[in-house]
Each structure stands twice: as C-alpha cells, then as structure tokens.
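Notes for the one structure printed next.
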Amino acid sequence: MTSSPSLPLRAVGDTGLHVTELGFGAASLGNAGRAIADDVARDAVAAAWAAGIRYFDTAPFYGRGLSERRLGDALRGREDEALVLSSKVGRVLVPDASVGRGGEVDGFRSPMPFRVTHDYSRDGILRSFEASLHRLGLDRIDMLFVHDIGRWSRGDAHDEGWAQLTRGGGFEALASLREQGAIRAFGLGVNEVEICLEAIDAAPLDVLLLANRYTLLEQAPLDALFPACAARGIAVIAGAPYNSGILATGTRGSATPHYDYAPAPADIVARVRRIEAVADAWKVPLAAAALQFPLIHPCVVSVLPGIGDRRRLDQTLDLYAREIPAGFWTDLVSEGLIRADSLNAAAIEKAMP
Ligand SMILES: NC(=O)c1ccc[n+]([C@@H]2O[C@H](COP(=O)([O-])OP(=O)(O)OC[C@H]3O[C@@H](n4cnc5c(N)ncnc54)[C@H](OP(=O)(O)O)[C@@H]3O)[C@@H](O)[C@H]2O)c1
C-alpha cells in the first residue's frame, strides 16, 4: 500500500508514540447524529490517510461496534509505522436483537444489535479489549482510554465504576497490557476535568483524551490539570474542539447551534457571538480558530474533531491549514474571551507591534 507523508507529529509523553496534530474522531463512523453509508465511511478514512492523518480514535460505544468495524476495514492494509489507533474500555457489548432496528440509540443511528453494560473491572477491560481487536480486524490497538468514567457521564453510578477501576483491577489490567506490549499507552477518554485529576493520582497514565473541555469556550484545564500533566509527562488529546457543534456552525445559520450534545443555552450563544465578532474583524473562520486553538498549548498533542465524510474531511483540512494571525488570539484575550495563559509566549510575542 502506498503511503503519503504524515502531517506534523507530536510525542505522546515518553511512550515512543507520535500522533499527528490533527486526528480523526471516528464516532461519526458509528453514525453519530446522522447515518452514513459504508462506502462513505471507507472513503473518508482513505482520504484522511492520503492527506497524512495517522491518528484515529474509535470506541465500542460508537454505534455499538459499528465505528470499530468500519474503521478497521478502512485501515487494514495501511498499517504504516506512523499509524496510531486508540479505542476505549469500560463498556462491554452484549447481543440484543431489540437494539438498532432503524432507530437511534444514545445518539447513534441504526447501531449494531448490542446493548451496553458498563464494566470497568479487570475482567471487563480485558474482554472489551479482545472484542475491539476482533471487530477492528487489526493486530493492535496503540492506546486504550477508560471511557466516560466520572460523575459527569455516570452520575451516581460513577462510584461503582471507580471501585472496579481502582480496587477491582481495572487500572492494573491496563498497566499490565502496557507492560506486556499489547498496548503502548493508556489513559481516560472523558468530558470531565475533575476525574482526570483524580485518575492521574490513582494510576500511572500516559495520556488523556479530554473532550469538549479545552476549547475556545472552556479553559478550566489550565488551572490544575495541564500543570499536573506537564509535571508528569502526561499528554493531552483535545477531543471535540467545536464543543459538539456551535464552534463549527457558529450562531448565524438557520439550524439550532449545539453545545455539549444539546441545543446551546443563551449565555453560550452570546459568548460565541462575541468570538464571531473578533473573528470577523480578522477574517478568521470561527471553525479554524476552534480547531487550532487547543494545539497552541504544549500539553496538547493532537486535536480530534468528528469527521464523517470526505466533504467534512476537506473542510477540516482547510481549517487546519488556515494561517491565523497572533493578533487575533491576543484580541480574544483583551476582550476577555479566552484566558491569557492559553497562549504561549511565542504566540504573544509575534503579535507585538
Ligand atoms: N469521552 C470521550 O472519549 C469522547 C467524547 C467526545 C468526543 N470524543 C472524540 O472526539 C471526536 C469528536 O467529537 P464530536 O464529534 O462529538 O465533536 P466535535 O468535532 O466538536 O463536533 C462535531 C459536530 O460539529 C459538526 N461539525 C464539524 N465540523 C464542522 C464544520 N466544518 N462545519 C459545520 N459543522 C461541523 C459536526 O457535524 P457533522 O456530523 O454533520 O459532521 C458535528 O455535529 C469523537 O469522534 C471522538 O473520537 C471522545
């Protein structure tokens, strides 16, 4: 299989892995929000590969195995050494004929016929890992993320999952997979800062996939999480840079803008409107700023937007390649729209007159 050069790579701590700055979020391949055809999914991955994307993220949860199947089918035979693949553990899929008959389950259209049981124990994690390899039809998964642990996702059920991870051998199973060389890195894949702070004290994590929480709208990780990651050499992958929609669509279209998987509340819409005004003044597309913003921080090794078809891929590549003047970022700071400590010194200096 011919191989194109990869996009720029960043090191995942000291794991020896390097991920492309721009990753491919494959929840979309599990029909997240909208159904896509198999050939559309395959074409999107092939085009991403041709464009130099070498980091792909999936999970058993995404279409109840559908995303893993499609991603594996599209990647098989492309295994060059720069390929980095992540999937997740914490949910075990159980056959259930009542699921997926044309309907939508947990935001996924026509998922495969499985229901989800949460299981963060040693046994659950090992079973999930094996099943993922089989669905992918690939000989390796490089990074495993503990999926949606934490109160933000699990509410009161969190404590049981946390006990399975910490006292039930879940984290130990991940560490031993890494020791055996079955995976190269592990961490959490979550939408919550607090659980990341707890987990980095509980287990020797390599990497965090933090979705929706480090964006143009949210920078809480700068307080404690990023400093802790920097001190321990833990890499961060910034998932969902558009806060699940509004930072890509903006506020001016006819469709209701979405934030955090729901229609955006009025205060978020008002804030995005202010960001749009600064973006207009600098002729910067809002979505380009949203996509590139997380990569300014040295802890962030990859940004992971959802990509479900070739058109979205082409748009994403264009947004990634846009030159954004440093003055745009410093204007956002002066307007109180992003935090000053989200910009590194080089970006600020470049903006000085
Ligand atoms: N717990 C976790 O580990 C976790 C949680 C969330 C996400 N993630 C990872 O992050 C990836 C991305 O997450 P996400 O898809 O929820 O968030 P996202 O990329 O922030 O937002 C996706 C939404 O934005 C829209 N969009 C994207 N690009 C656009 C553009 N150029 N113009 C207009 N609309 C655009 C998409 O529409 P279309 O669908 O029409 O393209 C979709 O509705 C996932 O695939 C997954 O790999 C991980």
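Each chain in the structure tokens gets a letter, A, B and so on, in the order shown; residues start at 1 in every chain, and ligands are counted from 1 in the order they appear.
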* Asked: Hey, which residues come within 6 Å of ligand 1 if we count only C-alpha atoms and all ligand atoms? Could you give them as a ChimeraX atom specification?
  -> /A:25-28,57-58,147-148,189-191,209,211,239-245,248-249,304-308,312,315-316
At a cut-off of 12 Å, using only C-alpha atoms, what residues contact Ala46 in chain A? Leave out same-chain residues fewer than 3 positions from it and give the result as an mmCIF file with C-alpha atoms, in the first residue's frame.
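Saved as around-v3.cif:
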```cif
data_model
loop_
_atom_site.group_PDB
_atom_site.id
_atom_site.type_symbol
_atom_site.label_atom_id
_atom_site.label_comp_id
_atom_site.auth_asym_id
_atom_site.auth_seq_id
_atom_site.Cartn_x
_atom_site.Cartn_y
_atom_site.Cartn_z
ATOM 1 C CA MET A 1 0.000 0.000 0.000
ATOM 2 C CA THR A 2 1.480 3.379 -0.963
ATOM 3 C CA SER A 3 1.965 5.798 1.896
ATOM 4 C CA SER A 4 1.766 9.595 1.796
ATOM 5 C CA PHE A 24 -9.672 11.597 13.028
ATOM 6 C CA ASP A 39 -18.575 3.373 1.351
ATOM 7 C CA VAL A 40 -18.785 6.970 2.617
ATOM 8 C CA ALA A 41 -17.044 5.900 5.842
ATOM 9 C CA ARG A 42 -14.364 3.990 3.946
ATOM 10 C CA ASP A 43 -13.800 6.893 1.565
ATOM 11 C CA TRP A 49 -4.914 8.767 5.130
ATOM 12 C CA ALA A 50 -3.976 10.273 1.760
ATOM 13 C CA ALA A 51 -3.938 13.714 3.416
ATOM 14 C CA GLY A 52 -1.460 12.493 6.040
ATOM 15 C CA ILE A 53 -3.688 11.892 9.072
ATOM 16 C CA ARG A 54 -2.260 8.962 11.014
ATOM 17 C CA PHE A 56 -7.585 7.641 14.544
ATOM 18 C CA ARG A 70 -15.740 0.410 9.632
ATOM 19 C CA LEU A 71 -12.507 1.965 10.835
ATOM 20 C CA GLY A 72 -10.712 -1.392 10.947
ATOM 21 C CA ASP A 73 -11.955 -2.302 7.462
ATOM 22 C CA ALA A 74 -10.744 1.019 6.089
ATOM 23 C CA LEU A 75 -7.351 0.900 7.824
ATOM 24 C CA ARG A 76 -6.495 -2.766 7.235
ATOM 25 C CA GLY A 77 -3.511 -2.966 4.917
ATOM 26 C CA ARG A 78 -2.479 0.618 5.686
ATOM 27 C CA GLY A 308 -17.836 11.558 8.875
ATOM 28 C CA ASP A 309 -17.372 12.054 5.165
ATOM 29 C CA ARG A 310 -14.968 13.370 2.568
ATOM 30 C CA LEU A 313 -12.606 15.999 5.895
#
```
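Among A:Ala185, A:Leu126, A:Ala47, A:Val300, the residue with the shortest atom-to-atom distance to Thr20 in chain A, counting only C-alpha atoms, is A:Val300.
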For range 21-76 of chain A against range 98-120 of chain A, with a cut-off of 6 Å and counting only C-alpha atoms, what is the closest atom pair and its distance in Å to one decimal for every residue that makes the cut, ordered by chain and number, as a tab-separated table?
```
residue	atom	partner	partner_atom	distance
A:Asn31	CA	A:Phe108	CA	5.3
A:Ala32	CA	A:Phe108	CA	4.5
A:Gly33	CA	A:Gly107	CA	5.7
A:Ala35	CA	A:Arg109	CA	5.7
A:Gly63	CA	A:Pro111	CA	4.3
A:Arg64	CA	A:Met112	CA	5.4
```
Expected file: the selected residues, all heavy atoms, as a CSV table (one decimal), in the first residue's frame:
```csv
chain,number,residue,atom,x,y,z
A,31,ASN,N,-22.2,6.4,13.0
A,31,ASN,CA,-23.5,7.1,12.7
A,31,ASN,C,-23.9,8.0,13.8
A,31,ASN,O,-25.1,8.0,14.2
A,31,ASN,CB,-24.6,6.1,12.4
A,31,ASN,CG,-24.4,5.3,11.1
A,31,ASN,OD1,-23.6,5.7,10.3
A,31,ASN,ND2,-25.1,4.2,10.9
A,32,ALA,N,-23.0,8.7,14.4
A,32,ALA,CA,-23.3,9.7,15.4
A,32,ALA,C,-24.1,10.8,14.8
A,32,ALA,O,-23.6,11.5,13.9
A,32,ALA,CB,-22.0,10.3,16.1
A,33,GLY,N,-25.3,11.0,15.3
A,33,GLY,CA,-26.2,12.1,14.8
A,33,GLY,C,-26.8,11.9,13.4
A,33,GLY,O,-27.9,12.3,13.2
A,35,ALA,N,-26.8,9.1,9.9
A,35,ALA,CA,-26.3,7.8,9.3
A,35,ALA,C,-25.5,8.1,8.1
A,35,ALA,O,-25.8,8.9,7.3
A,35,ALA,CB,-27.5,6.9,9.0
A,63,GLY,N,-21.8,3.5,17.9
A,63,GLY,CA,-22.7,2.7,17.0
A,63,GLY,C,-22.6,1.3,17.4
A,63,GLY,O,-22.9,0.4,16.6
A,64,ARG,N,-22.3,1.0,18.7
A,64,ARG,CA,-22.3,-0.3,19.3
A,64,ARG,C,-21.4,-1.2,18.4
A,64,ARG,O,-21.8,-2.3,17.9
A,64,ARG,CB,-23.7,-0.9,19.4
A,64,ARG,CG,-24.7,0.0,20.1
A,64,ARG,CD,-24.4,0.0,21.6
A,64,ARG,NE,-25.0,1.1,22.3
A,64,ARG,CZ,-26.2,1.0,22.9
A,64,ARG,NH1,-26.8,-0.1,23.0
A,64,ARG,NH2,-26.6,2.1,23.6
```
* Name all residues at most 8 Å from Tyr55 in chain A (count only C-alpha atoms; drop same-chain ones fewer than 4 positions away) and give them as an NGL selection string. => :A and (19-20 or 22-24 or 83-86)
If you keep N, CA, C and O atoms, can you produce a file of those selected residues as a short mmCIF file (atom, residue, chain, number, x, y, z; two decimals), in the first residue's frame?
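Just written: selection.cif:
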```cif
data_model
loop_
_atom_site.label_atom_id
_atom_site.label_comp_id
_atom_site.auth_asym_id
_atom_site.auth_seq_id
_atom_site.Cartn_x
_atom_site.Cartn_y
_atom_site.Cartn_z
N VAL A 19 1.69 11.16 17.54
CA VAL A 19 0.39 11.29 16.86
C VAL A 19 0.40 12.52 15.95
O VAL A 19 1.07 13.51 16.24
N THR A 20 -0.37 12.44 14.86
CA THR A 20 -0.50 13.63 14.02
C THR A 20 -1.29 14.69 14.79
O THR A 20 -2.23 14.37 15.52
N LEU A 22 -3.39 16.65 13.84
CA LEU A 22 -4.82 16.53 13.50
C LEU A 22 -5.17 15.05 13.50
O LEU A 22 -4.57 14.26 12.76
N GLY A 23 -6.14 14.69 14.36
CA GLY A 23 -6.58 13.30 14.41
C GLY A 23 -7.96 13.17 13.77
O GLY A 23 -8.61 14.15 13.40
N PHE A 24 -8.39 11.92 13.67
CA PHE A 24 -9.67 11.60 13.03
C PHE A 24 -10.57 11.01 14.11
O PHE A 24 -10.33 9.91 14.59
N LEU A 83 0.99 4.96 11.94
CA LEU A 83 -0.41 4.80 12.36
C LEU A 83 -0.51 4.65 13.87
O LEU A 83 0.16 3.81 14.48
N VAL A 84 -1.37 5.45 14.48
CA VAL A 84 -1.68 5.30 15.91
C VAL A 84 -3.20 5.20 16.02
O VAL A 84 -3.94 6.06 15.53
N LEU A 85 -3.63 4.14 16.68
CA LEU A 85 -5.06 3.87 16.80
C LEU A 85 -5.43 3.82 18.28
O LEU A 85 -4.75 3.14 19.06
N SER A 86 -6.47 4.54 18.65
CA SER A 86 -6.96 4.42 20.03
C SER A 86 -8.39 3.90 20.02
O SER A 86 -9.18 4.23 19.13
#
```
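Interatomic distance, CA of Leu291 in chain A against CA of Leu210 in chain A: 14.3 Å.
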* Can you list every residue in range 89-218 of chain A that DSSP puts in helix (DSSP H, G or I), as a ChimeraX atom specification? -> /A:122-136,151-166,170-180,193-202
